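Source file: entry.cif. Holds: mmCIF, C-alpha atoms; chains and numbers go by the auth columns.
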```
data_coords
loop_
_atom_site.group_PDB
_atom_site.id
_atom_site.type_symbol
_atom_site.label_atom_id
_atom_site.label_comp_id
_atom_site.label_asym_id
_atom_site.label_seq_id
_atom_site.Cartn_x
_atom_site.Cartn_y
_atom_site.Cartn_z
_atom_site.B_iso_or_equiv
_atom_site.auth_seq_id
_atom_site.auth_asym_id
ATOM 1 C CA MET A 1 -1.052 -25.602 17.565 0.00 11 A
ATOM 2 C CA LYS A 2 -4.523 -25.605 16.036 0.00 12 A
ATOM 3 C CA THR A 3 -5.495 -22.949 13.521 0.00 13 A
ATOM 4 C CA LYS A 4 -8.577 -20.966 14.453 0.00 14 A
ATOM 5 C CA PRO A 5 -11.332 -21.685 11.920 0.00 15 A
ATOM 6 C CA ALA A 6 -12.421 -18.865 9.633 0.00 16 A
ATOM 7 C CA GLY A 7 -15.583 -17.030 10.662 0.00 17 A
ATOM 8 C CA SER A 8 -18.706 -16.606 8.581 0.00 18 A
ATOM 9 C CA GLY A 9 -17.524 -13.259 7.215 0.00 19 A
ATOM 10 C CA ALA A 10 -14.285 -14.846 6.041 0.00 20 A
ATOM 11 C CA VAL A 11 -16.218 -17.657 4.374 0.00 21 A
ATOM 12 C CA ARG A 12 -18.465 -15.156 2.582 0.00 22 A
ATOM 13 C CA GLY A 13 -15.421 -13.128 1.564 0.00 23 A
ATOM 14 C CA ARG A 14 -13.733 -16.154 0.092 0.00 24 A
ATOM 15 C CA ARG A 15 -16.875 -17.075 -1.835 0.00 25 A
ATOM 16 C CA LYS A 16 -17.209 -13.564 -3.180 0.00 26 A
ATOM 17 C CA PHE A 17 -13.604 -13.488 -4.347 0.00 27 A
ATOM 18 C CA LEU A 18 -13.939 -16.854 -6.075 0.00 28 A
ATOM 19 C CA ARG A 19 -17.219 -15.825 -7.742 0.00 29 A
ATOM 20 C CA TYR A 20 -15.325 -13.093 -9.530 0.00 30 A
ATOM 21 C CA PHE A 21 -12.091 -15.042 -9.931 0.00 31 A
ATOM 22 C CA PRO A 22 -12.724 -18.816 -9.932 0.00 32 A
ATOM 23 C CA GLY A 23 -9.030 -19.490 -10.433 0.00 33 A
ATOM 24 C CA GLY A 24 -8.119 -17.590 -7.281 0.00 34 A
ATOM 25 C CA PHE A 25 -4.888 -15.624 -7.302 0.00 35 A
ATOM 26 C CA ARG A 26 -3.786 -17.344 -10.531 0.00 36 A
ATOM 27 C CA ASP A 27 -7.022 -16.538 -12.341 0.00 37 A
ATOM 28 C CA VAL A 28 -6.266 -14.852 -15.674 0.00 38 A
ATOM 29 C CA THR A 29 -8.908 -12.175 -15.122 0.00 39 A
ATOM 30 C CA TYR A 30 -7.654 -11.515 -11.583 0.00 40 A
ATOM 31 C CA VAL A 31 -4.112 -11.041 -12.835 0.00 41 A
ATOM 32 C CA ASP A 32 -5.334 -8.691 -15.566 0.00 42 A
ATOM 33 C CA TRP A 33 -7.685 -6.625 -13.413 0.00 43 A
ATOM 34 C CA GLU A 34 -5.908 -6.506 -10.082 0.00 44 A
ATOM 35 C CA ARG A 35 -2.387 -7.884 -9.952 0.00 45 A
ATOM 36 C CA SER A 36 -0.485 -7.101 -13.133 0.00 46 A
ATOM 37 C CA TYR A 37 -0.461 -3.298 -12.940 0.00 47 A
ATOM 38 C CA LYS A 38 0.602 -3.346 -9.294 0.00 48 A
ATOM 39 C CA TRP A 39 3.402 -5.807 -9.983 0.00 49 A
ATOM 40 C CA GLU A 40 4.492 -3.813 -13.044 0.00 50 A
ATOM 41 C CA THR A 41 4.655 -0.695 -10.874 0.00 51 A
ATOM 42 C CA HIS A 42 6.877 -2.576 -8.423 0.00 52 A
ATOM 43 C CA GLN A 43 9.136 -3.633 -11.306 0.00 53 A
ATOM 44 C CA ARG A 44 9.409 -0.020 -12.484 0.00 54 A
ATOM 45 C CA TRP A 45 10.365 0.953 -8.945 0.00 55 A
ATOM 46 C CA GLU A 46 13.111 -1.673 -8.953 0.00 56 A
ATOM 47 C CA GLU A 47 14.446 -0.204 -12.194 0.00 57 A
ATOM 48 C CA ALA A 48 14.273 3.393 -10.992 0.00 58 A
ATOM 49 C CA LEU A 49 14.967 3.305 -7.257 0.00 59 A
ATOM 50 C CA HIS A 50 16.272 -0.052 -6.091 0.00 60 A
ATOM 51 C CA ARG A 51 18.230 0.146 -2.853 0.00 61 A
ATOM 52 C CA ASP A 52 21.689 0.735 -4.334 0.00 62 A
ATOM 53 C CA GLU A 53 20.456 3.355 -6.780 0.00 63 A
ATOM 54 C CA PHE A 54 18.431 5.070 -4.051 0.00 64 A
ATOM 55 C CA ARG A 55 21.553 5.177 -1.873 0.00 65 A
ATOM 56 C CA ARG A 56 23.700 6.486 -4.736 0.00 66 A
ATOM 57 C CA LEU A 57 21.314 9.374 -5.364 0.00 67 A
ATOM 58 C CA LEU A 58 21.190 10.173 -1.652 0.00 68 A
ATOM 59 C CA GLU A 59 24.962 10.313 -1.476 0.00 69 A
ATOM 60 C CA LYS A 60 24.896 12.747 -4.409 0.00 70 A
ATOM 61 C CA ARG A 61 22.223 14.718 -2.536 0.00 71 A
ATOM 62 C CA ASP A 62 20.071 14.467 -5.616 0.00 72 A
ATOM 63 C CA TYR A 63 16.869 14.624 -3.593 0.00 73 A
ATOM 64 C CA SER A 64 14.786 16.158 -6.358 0.00 74 A
ATOM 65 C CA GLU A 65 15.649 13.307 -8.705 0.00 75 A
ATOM 66 C CA ILE A 66 14.606 10.759 -6.082 0.00 76 A
ATOM 67 C CA ALA A 67 11.280 12.504 -5.564 0.00 77 A
ATOM 68 C CA ALA A 68 10.720 12.827 -9.304 0.00 78 A
ATOM 69 C CA ARG A 69 11.426 9.133 -9.908 0.00 79 A
ATOM 70 C CA ALA A 70 9.134 8.084 -7.073 0.00 80 A
ATOM 71 C CA VAL A 71 6.258 10.222 -8.329 0.00 81 A
ATOM 72 C CA ARG A 72 6.807 9.169 -11.942 0.00 82 A
ATOM 73 C CA THR A 73 6.834 5.479 -11.064 0.00 83 A
ATOM 74 C CA GLU A 74 3.382 5.664 -9.489 0.00 84 A
ATOM 75 C CA GLN A 75 1.969 7.961 -12.170 0.00 85 A
ATOM 76 C CA ARG A 76 2.817 5.478 -14.912 0.00 86 A
ATOM 77 C CA ALA A 77 0.603 2.789 -13.381 0.00 87 A
ATOM 78 C CA ARG A 78 -2.260 1.650 -15.600 0.00 88 A
ATOM 79 C CA HIS A 79 -4.595 2.353 -12.679 0.00 89 A
ATOM 80 C CA SER A 80 -3.331 5.019 -10.323 0.00 90 A
ATOM 81 C CA MET A 81 -3.455 4.090 -6.656 0.00 91 A
ATOM 82 C CA ILE A 82 -3.705 7.644 -5.327 0.00 92 A
ATOM 83 C CA PHE A 83 -6.198 10.407 -6.071 0.00 93 A
ATOM 84 C CA SER A 84 -5.322 13.316 -8.337 0.00 94 A
ATOM 85 C CA PHE A 85 -5.526 15.806 -5.452 0.00 95 A
ATOM 86 C CA GLU A 86 -3.009 13.687 -3.501 0.00 96 A
ATOM 87 C CA LYS A 87 -0.666 13.651 -6.484 0.00 97 A
ATOM 88 C CA MET A 88 -0.912 17.426 -6.759 0.00 98 A
ATOM 89 C CA ALA A 89 -0.264 17.851 -3.046 0.00 99 A
ATOM 90 C CA LEU A 90 2.804 15.629 -3.216 0.00 100 A
ATOM 91 C CA ARG A 91 4.191 17.344 -6.315 0.00 101 A
ATOM 92 C CA ASP A 92 3.810 20.703 -4.575 0.00 102 A
ATOM 93 C CA ALA A 93 5.426 19.354 -1.415 0.00 103 A
ATOM 94 C CA VAL A 94 8.583 18.136 -3.153 0.00 104 A
ATOM 95 C CA LYS A 95 9.054 21.099 -5.508 0.00 105 A
ATOM 96 C CA SER A 96 11.314 22.848 -3.046 0.00 106 A
ATOM 97 C CA ALA A 97 14.785 21.498 -2.271 0.00 107 A
ATOM 98 C CA ALA A 98 13.869 21.245 1.404 0.00 108 A
ATOM 99 C CA GLY A 99 10.698 19.274 0.697 0.00 109 A
ATOM 100 C CA ALA A 100 12.458 16.877 -1.679 0.00 110 A
ATOM 101 C CA LYS A 101 15.178 16.282 0.939 0.00 111 A
ATOM 102 C CA VAL A 102 12.668 15.444 3.660 0.00 112 A
ATOM 103 C CA PHE A 103 10.788 13.090 1.347 0.00 113 A
ATOM 104 C CA ALA A 104 13.868 11.327 -0.018 0.00 114 A
ATOM 105 C CA GLU A 105 15.634 10.827 3.300 0.00 115 A
ATOM 106 C CA GLY A 106 12.456 9.854 5.115 0.00 116 A
ATOM 107 C CA LEU A 107 11.462 7.314 2.480 0.00 117 A
ATOM 108 C CA TYR A 108 14.898 5.712 2.385 0.00 118 A
ATOM 109 C CA GLU A 109 14.936 5.275 6.155 0.00 119 A
ATOM 110 C CA PHE A 110 11.437 3.814 6.071 0.00 120 A
ATOM 111 C CA LEU A 111 12.340 1.292 3.389 0.00 121 A
ATOM 112 C CA HIS A 112 15.960 0.493 4.160 0.00 122 A
ATOM 113 C CA GLY A 113 16.942 2.046 7.470 0.00 123 A
ATOM 114 C CA PRO A 114 17.603 0.292 10.791 0.00 124 A
ATOM 115 C CA GLY A 115 15.089 -0.042 13.585 0.00 125 A
ATOM 116 C CA THR A 116 11.766 -1.662 14.259 0.00 126 A
ATOM 117 C CA ALA A 117 8.865 -1.517 11.837 0.00 127 A
ATOM 118 C CA GLU A 118 6.940 0.574 14.349 0.00 128 A
ATOM 119 C CA ALA A 119 9.722 3.126 14.773 0.00 129 A
ATOM 120 C CA LYS A 120 10.364 3.413 11.045 0.00 130 A
ATOM 121 C CA PHE A 121 6.694 3.820 10.200 0.00 131 A
ATOM 122 C CA GLY A 122 6.281 6.490 12.877 0.00 132 A
ATOM 123 C CA ALA A 123 9.301 8.402 11.609 0.00 133 A
ATOM 124 C CA TRP A 124 8.004 8.180 8.032 0.00 134 A
ATOM 125 C CA CYS A 125 4.631 9.593 9.080 0.00 135 A
ATOM 126 C CA GLU A 126 6.420 12.467 10.853 0.00 136 A
ATOM 127 C CA ALA A 127 8.479 13.147 7.721 0.00 137 A
ATOM 128 C CA VAL A 128 5.388 13.247 5.486 0.00 138 A
ATOM 129 C CA ALA A 129 3.576 15.460 7.999 0.00 139 A
ATOM 130 C CA SER A 130 6.451 17.941 7.889 0.00 140 A
ATOM 131 C CA LEU A 131 6.404 18.349 4.113 0.00 141 A
ATOM 132 C CA PRO A 132 5.429 21.788 2.807 0.00 142 A
ATOM 133 C CA ARG A 133 1.778 22.094 1.851 0.00 143 A
ATOM 134 C CA ARG A 134 -0.274 24.588 -0.070 0.00 144 A
ATOM 135 C CA GLN A 135 -3.937 23.672 0.155 0.00 145 A
ATOM 136 C CA THR A 136 -4.365 19.910 0.345 0.00 146 A
ATOM 137 C CA ARG A 137 -2.774 17.965 3.190 0.00 147 A
ATOM 138 C CA VAL A 138 -0.053 15.502 2.319 0.00 148 A
ATOM 139 C CA LEU A 139 -0.440 13.254 5.367 0.00 149 A
ATOM 140 C CA THR A 140 -3.042 10.829 4.012 0.00 150 A
ATOM 141 C CA TRP A 141 -3.156 7.067 4.287 0.00 151 A
ATOM 142 C CA PRO A 142 -2.720 6.462 0.554 0.00 152 A
ATOM 143 C CA LEU A 143 0.360 8.707 0.353 0.00 153 A
ATOM 144 C CA VAL A 144 1.895 7.236 3.494 0.00 154 A
ATOM 145 C CA THR A 145 1.424 3.618 2.383 0.00 155 A
ATOM 146 C CA VAL A 146 1.716 3.596 -1.410 0.00 156 A
ATOM 147 C CA TRP A 147 5.530 3.789 -1.569 0.00 157 A
ATOM 148 C CA GLY A 148 6.147 0.888 0.782 0.00 158 A
ATOM 149 C CA PHE A 149 3.599 -1.175 -1.120 0.00 159 A
ATOM 150 C CA ILE A 150 5.207 -0.384 -4.474 0.00 160 A
ATOM 151 C CA ALA A 151 8.787 -0.852 -3.284 0.00 161 A
ATOM 152 C CA GLN A 152 8.404 -3.831 -0.919 0.00 162 A
ATOM 153 C CA PRO A 153 5.187 -5.756 -1.619 0.00 163 A
ATOM 154 C CA LYS A 154 6.394 -8.682 0.459 0.00 164 A
ATOM 155 C CA GLU A 155 6.341 -6.489 3.566 0.00 165 A
ATOM 156 C CA HIS A 156 4.092 -3.480 3.108 0.00 166 A
ATOM 157 C CA ILE A 157 0.442 -3.033 2.236 0.00 167 A
ATOM 158 C CA PHE A 158 -1.532 -0.159 0.763 0.00 168 A
ATOM 159 C CA LEU A 159 -4.437 1.429 2.617 0.00 169 A
ATOM 160 C CA LYS A 160 -7.481 2.961 0.987 0.00 170 A
ATOM 161 C CA PRO A 161 -9.497 3.832 4.109 0.00 171 A
ATOM 162 C CA ASN A 162 -13.147 3.633 3.026 0.00 172 A
ATOM 163 C CA VAL A 163 -12.830 0.418 1.039 0.00 173 A
ATOM 164 C CA THR A 164 -10.756 -1.220 3.775 0.00 174 A
ATOM 165 C CA LYS A 165 -13.204 -0.271 6.521 0.00 175 A
ATOM 166 C CA ILE A 166 -16.082 -1.737 4.506 0.00 176 A
ATOM 167 C CA ALA A 167 -14.077 -4.874 3.804 0.00 177 A
ATOM 168 C CA ALA A 168 -13.121 -5.336 7.458 0.00 178 A
ATOM 169 C CA ARG A 169 -16.740 -5.030 8.591 0.00 179 A
ATOM 170 C CA ALA A 170 -17.885 -7.546 5.996 0.00 180 A
ATOM 171 C CA TYR A 171 -15.068 -9.887 6.941 0.00 181 A
ATOM 172 C CA GLY A 172 -15.743 -9.602 10.651 0.00 182 A
ATOM 173 C CA PHE A 173 -12.299 -8.171 11.426 0.00 183 A
ATOM 174 C CA ASP A 174 -11.925 -5.512 14.114 0.00 184 A
ATOM 175 C CA PHE A 175 -9.950 -2.952 12.114 0.00 185 A
ATOM 176 C CA ARG A 176 -8.644 -0.287 14.504 0.00 186 A
ATOM 177 C CA TYR A 177 -8.804 2.646 12.145 0.00 187 A
ATOM 178 C CA GLN A 178 -7.789 6.239 12.845 0.00 188 A
ATOM 179 C CA SER A 179 -7.927 8.898 10.144 0.00 189 A
ATOM 180 C CA LYS A 180 -4.523 10.303 11.098 0.00 190 A
ATOM 181 C CA PRO A 181 -1.820 7.837 10.033 0.00 191 A
ATOM 182 C CA THR A 182 -0.457 5.984 13.068 0.00 192 A
ATOM 183 C CA TRP A 183 1.385 2.743 13.678 0.00 193 A
ATOM 184 C CA ALA A 184 -1.589 1.331 15.610 0.00 194 A
ATOM 185 C CA THR A 185 -3.807 1.482 12.515 0.00 195 A
ATOM 186 C CA TYR A 186 -1.101 0.239 10.174 0.00 196 A
ATOM 187 C CA ALA A 187 -0.308 -2.656 12.510 0.00 197 A
ATOM 188 C CA SER A 188 -4.022 -3.492 12.566 0.00 198 A
ATOM 189 C CA LEU A 189 -4.063 -3.510 8.761 0.00 199 A
ATOM 190 C CA LEU A 190 -1.053 -5.851 8.714 0.00 200 A
ATOM 191 C CA GLU A 191 -2.923 -8.085 11.138 0.00 201 A
ATOM 192 C CA PHE A 192 -5.957 -8.028 8.836 0.00 202 A
ATOM 193 C CA ALA A 193 -3.732 -9.052 5.925 0.00 203 A
ATOM 194 C CA ALA A 194 -2.178 -11.843 8.012 0.00 204 A
ATOM 195 C CA THR A 195 -5.664 -13.086 8.912 0.00 205 A
ATOM 196 C CA VAL A 196 -6.675 -13.162 5.254 0.00 206 A
ATOM 197 C CA ARG A 197 -3.420 -14.932 4.361 0.00 207 A
ATOM 198 C CA ARG A 198 -4.203 -17.624 6.919 0.00 208 A
ATOM 199 C CA ASP A 199 -7.802 -18.012 5.787 0.00 209 A
ATOM 200 C CA VAL A 200 -6.950 -18.333 2.083 0.00 210 A
ATOM 201 C CA ARG A 201 -3.593 -20.062 2.423 0.00 211 A
ATOM 202 C CA ASP A 202 -4.737 -22.887 0.145 0.00 212 A
ATOM 203 C CA LEU A 203 -5.123 -20.296 -2.648 0.00 213 A
ATOM 204 C CA ARG A 204 -1.417 -19.493 -2.188 0.00 214 A
ATOM 205 C CA PRO A 205 -1.290 -15.691 -2.022 0.00 215 A
ATOM 206 C CA ARG A 206 2.156 -14.557 -3.140 0.00 216 A
ATOM 207 C CA ASP A 207 2.522 -11.249 -1.364 0.00 217 A
ATOM 208 C CA MET A 208 0.720 -8.161 -0.111 0.00 218 A
ATOM 209 C CA ILE A 209 -0.444 -7.404 -3.642 0.00 219 A
ATOM 210 C CA ASP A 210 -2.653 -10.480 -3.534 0.00 220 A
ATOM 211 C CA LEU A 211 -3.829 -9.760 0.005 0.00 221 A
ATOM 212 C CA GLN A 212 -4.574 -6.098 -0.700 0.00 222 A
ATOM 213 C CA SER A 213 -6.436 -7.103 -3.850 0.00 223 A
ATOM 214 C CA PHE A 214 -8.519 -9.632 -1.906 0.00 224 A
ATOM 215 C CA ILE A 215 -9.424 -6.928 0.612 0.00 225 A
ATOM 216 C CA TRP A 216 -10.225 -4.529 -2.216 0.00 226 A
ATOM 217 C CA VAL A 217 -12.660 -6.985 -3.761 0.00 227 A
ATOM 218 C CA GLN A 218 -14.502 -7.231 -0.429 0.00 228 A
ATOM 219 C CA GLY A 219 -15.012 -3.488 -0.004 0.00 229 A
ATOM 220 C CA SER A 220 -14.977 -1.818 -3.417 0.00 230 A
ATOM 221 C CA ASP A 221 -18.164 -0.931 -5.258 0.00 231 A
ATOM 222 C CA GLU A 222 -16.368 -2.204 -8.353 0.00 232 A
ATOM 223 C CA TYR A 223 -17.219 -5.649 -7.013 0.00 233 A
ATOM 224 C CA PRO A 224 -20.840 -5.601 -5.820 0.00 234 A
ATOM 225 C CA ASP A 225 -22.180 -8.554 -3.899 0.00 235 A
ATOM 226 C CA LYS A 226 -24.062 -10.893 -6.182 0.00 236 A
ATOM 227 C CA ARG A 227 -27.252 -12.321 -4.781 0.00 237 A
#
```
For the structure just supplied, provide its representation as structure tokens.
Amino acid sequence: MKTKPAGSGAVRGRRKFLRYFPGGFRDVTYVDWERSYKWETHQRWEEALHRDEFRRLLEKRDYSEIAARAVRTEQRARHSMIFSFEKMALRDAVKSAAGAKVFAEGLYEFLHGPGTAEAKFGAWCEAVASLPRRQTRVLTWPLVTVWGFIAQPKEHIFLKPNVTKIAARAYGFDFRYQSKPTWATYASLLEFAATVRRDVRDLRPRDMIDLQSFIWVQGSDEYPDKR
């Protein structure tokens, strides 16, 4: 089976990435700027809420502790992946025992429960949507995707909408985005990541951290195009 050649947008994207990071995904500057803090956050998650520990806390019905550990793990990142207003909304949502229970049980099922990826993602979105809210909504793409990305970077990817939409346009990928979190959009993002993985396979991306970082470089104003 022949591999479809990369389009012009993919070629430009690759060139842009390598202009900033000539060593690709093993470039020292890339690791320092983009990869290390995300991988360190994943390692903190593994220390705080690996599967067996997550299950143990659930069996104790210690939902507040689960929520607190999850929030704390992300907050300790050198560069936070979610906005301050999203952090505040989440903290408010899990203050109550009922909110912490919904969050903890929903997140465990998303990460470790049975079923298809589509069904689990849909159920997770429903759980987040049902969390108590004060002023700011909790059902945002960053909040829905950050925990999977932190916990399971081999499987899940993080979505920052504006940057990703810009990156997809530049890359020439038809990203089927909807502002309300849905499986259709998340599946499209996974397809985008798979396309990038194929196009840069010789650079040996390790996981979704590398793929998300590549996409980020394409769309973020932190990395302007150099003429």
**Request:** Might you pull out every residue within 8 Å of region 23-32 of chain A, with only C-alpha atoms counted and same-chain residues fewer than 6 positions away left off, and present them as a PyMOL selection string?
**Result:** chain A and resi 39-40+180-181+210+224+227-228+235-236
**Request:** Translate the PyMOL selection byres ((chain A and resi 201) around 12), as applied to the file shown, into an explicit residue set as a list in words.
**Result:**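 Output of the PyMOL selection byres ((chain A and resi 201) around 12): His166, Ile167, Ala178, Phe183, Asp184, Phe185, Arg186, Trp193, Ala194, Thr195, Tyr196, Ala197, Ser198, Leu199, Leu200, Phe202, Ala203, Ala204, Thr205, Val206, Arg207, Arg208, Met218 and Leu221 of chain A.
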**Message:** Given only C-alpha atoms as the basis, pick out the residue of A:Phe93, A:Trp43, A:Phe35, A:Tyr73 nearest to Ala108 (chain A).
**Reply:**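 The closest residue to Ala108 (chain A) is A:Tyr73.
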**Message:** As a check of understanding, name the residues that the PyMOL selection byres ((chain A and resi 219) around 12) selects in the supplied structure, as a PyMOL selection string.
**Reply:** chain A and resi 35+40-41+44-52+156+158-169+203+207+215-218+220-226
**Request:** Expand the PyMOL selection byres ((chain A and resi 191) around 12) into the individual residues it matches in the shown file, reporting them as a ChimeraX atom specification.
**Result:** /A:131-139,148-155,169-171,186-190,192-199
**Asked** By how many Å are CA of Asp231 (chain A) and CA of Thr174 (chain A) apart?
**Response**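 CA of Thr174 (chain A) lies 11.7 Å from CA of Asp231 (chain A).
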**Item:** Minimum-distance residue to Lys70 (chain A), chosen among A:Ala114, A:Leu100, A:Leu213, A:Ile92 (using all atoms listed in the file)
**Value:**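 Closest residue, counting all atoms listed in the file: A:Ala114.
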**Prompt:** CA of Asp102 (chain A) and CA of Leu141 (chain A) are how many Å apart?
**Reply:**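 Going from CA of Asp102 (chain A) over to CA of Leu141 (chain A), I get 9.4 Å.
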**Request:** Could you check how far CA of Trp157 (chain A) sits from CA of Glu128 (chain A), in Å to one decimal?
**Result:**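 Spanning CA of Trp157 (chain A) to CA of Glu128 (chain A) is a straight-line distance of 16.3 Å.
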**Request:** Check the smallest atom-to-atom distance from each of A:Val104, A:Ala110, A:Ala87, A:Ala99 to Arg71 (chain A) using all atoms listed in the file, then report the winner.
**Result:** A:Ala110
**Asked** For Phe120 (chain A), which of A:Val21, A:Asp212, A:Ala103, A:Arg61 is the closest residue, counting only C-alpha atoms?
**Response**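 Of A:Val21, A:Asp212, A:Ala103, A:Arg61, the one nearest Phe120 (chain A) is A:Arg61, counting only C-alpha atoms.
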To test the calculation: enclose all listed atoms of region 32-51 of chain A in a box whose edges run along x, y and z, add 5 Å on each side, then state centre and edge lengths in Å to one decimal, as AutoDock Vina command-line options.
```
--center_x -4.0 --center_y -10.1 --center_z -11.5 --size_x 27.4 --size_y 28.8 --size_z 18.4
```
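Nearest to Val173 (chain A) of all the residues A:Ser18, A:Glu232, A:Arg79, A:Arg86 is A:Glu232, counting only C-alpha atoms.
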Any chance you could build region 111-128 of chain A out to N, CA and C atoms and write it as a compact mmCIF listing (two decimals), keeping the file's coordinate frame?
```
# COMPACT_ATOMS: atom_id res chain seq x y z
N LYS A 111 14.22 16.89 0.00
CA LYS A 111 15.18 16.28 0.94
C LYS A 111 14.45 15.51 2.03
N VAL A 112 13.43 16.12 2.60
CA VAL A 112 12.67 15.44 3.66
C VAL A 112 12.03 14.16 3.12
N PHE A 113 11.44 14.25 1.95
CA PHE A 113 10.79 13.09 1.35
C PHE A 113 11.80 11.99 1.06
N ALA A 114 12.89 12.33 0.40
CA ALA A 114 13.87 11.33 -0.02
C ALA A 114 14.52 10.65 1.18
N GLU A 115 14.97 11.42 2.14
CA GLU A 115 15.63 10.83 3.30
C GLU A 115 14.66 10.03 4.15
N GLY A 116 13.45 10.56 4.31
CA GLY A 116 12.46 9.85 5.12
C GLY A 116 12.04 8.54 4.49
N LEU A 117 11.88 8.53 3.16
CA LEU A 117 11.46 7.31 2.48
C LEU A 117 12.57 6.26 2.51
N TYR A 118 13.81 6.69 2.34
CA TYR A 118 14.90 5.71 2.38
C TYR A 118 14.98 5.05 3.77
N GLU A 119 14.87 5.83 4.80
CA GLU A 119 14.94 5.28 6.16
C GLU A 119 13.77 4.33 6.42
N PHE A 120 12.60 4.68 5.90
CA PHE A 120 11.44 3.81 6.07
C PHE A 120 11.65 2.47 5.37
N LEU A 121 12.18 2.51 4.17
CA LEU A 121 12.34 1.29 3.39
C LEU A 121 13.58 0.50 3.77
N HIS A 122 14.67 1.19 4.04
CA HIS A 122 15.96 0.49 4.16
C HIS A 122 16.73 0.79 5.45
N GLY A 123 16.21 1.66 6.28
CA GLY A 123 16.94 2.05 7.47
C GLY A 123 16.85 1.01 8.58
N PRO A 124 17.65 1.20 9.64
CA PRO A 124 17.60 0.29 10.79
C PRO A 124 16.42 0.61 11.69
N GLY A 125 16.15 -0.29 12.62
CA GLY A 125 15.09 -0.04 13.58
C GLY A 125 13.89 -0.95 13.38
N THR A 126 12.96 -0.84 14.32
CA THR A 126 11.77 -1.66 14.26
C THR A 126 10.79 -1.11 13.21
N ALA A 127 9.89 -1.96 12.78
CA ALA A 127 8.86 -1.52 11.84
C ALA A 127 8.05 -0.38 12.42
N GLU A 128 7.73 -0.48 13.70
CA GLU A 128 6.94 0.57 14.35
C GLU A 128 7.68 1.90 14.33
```
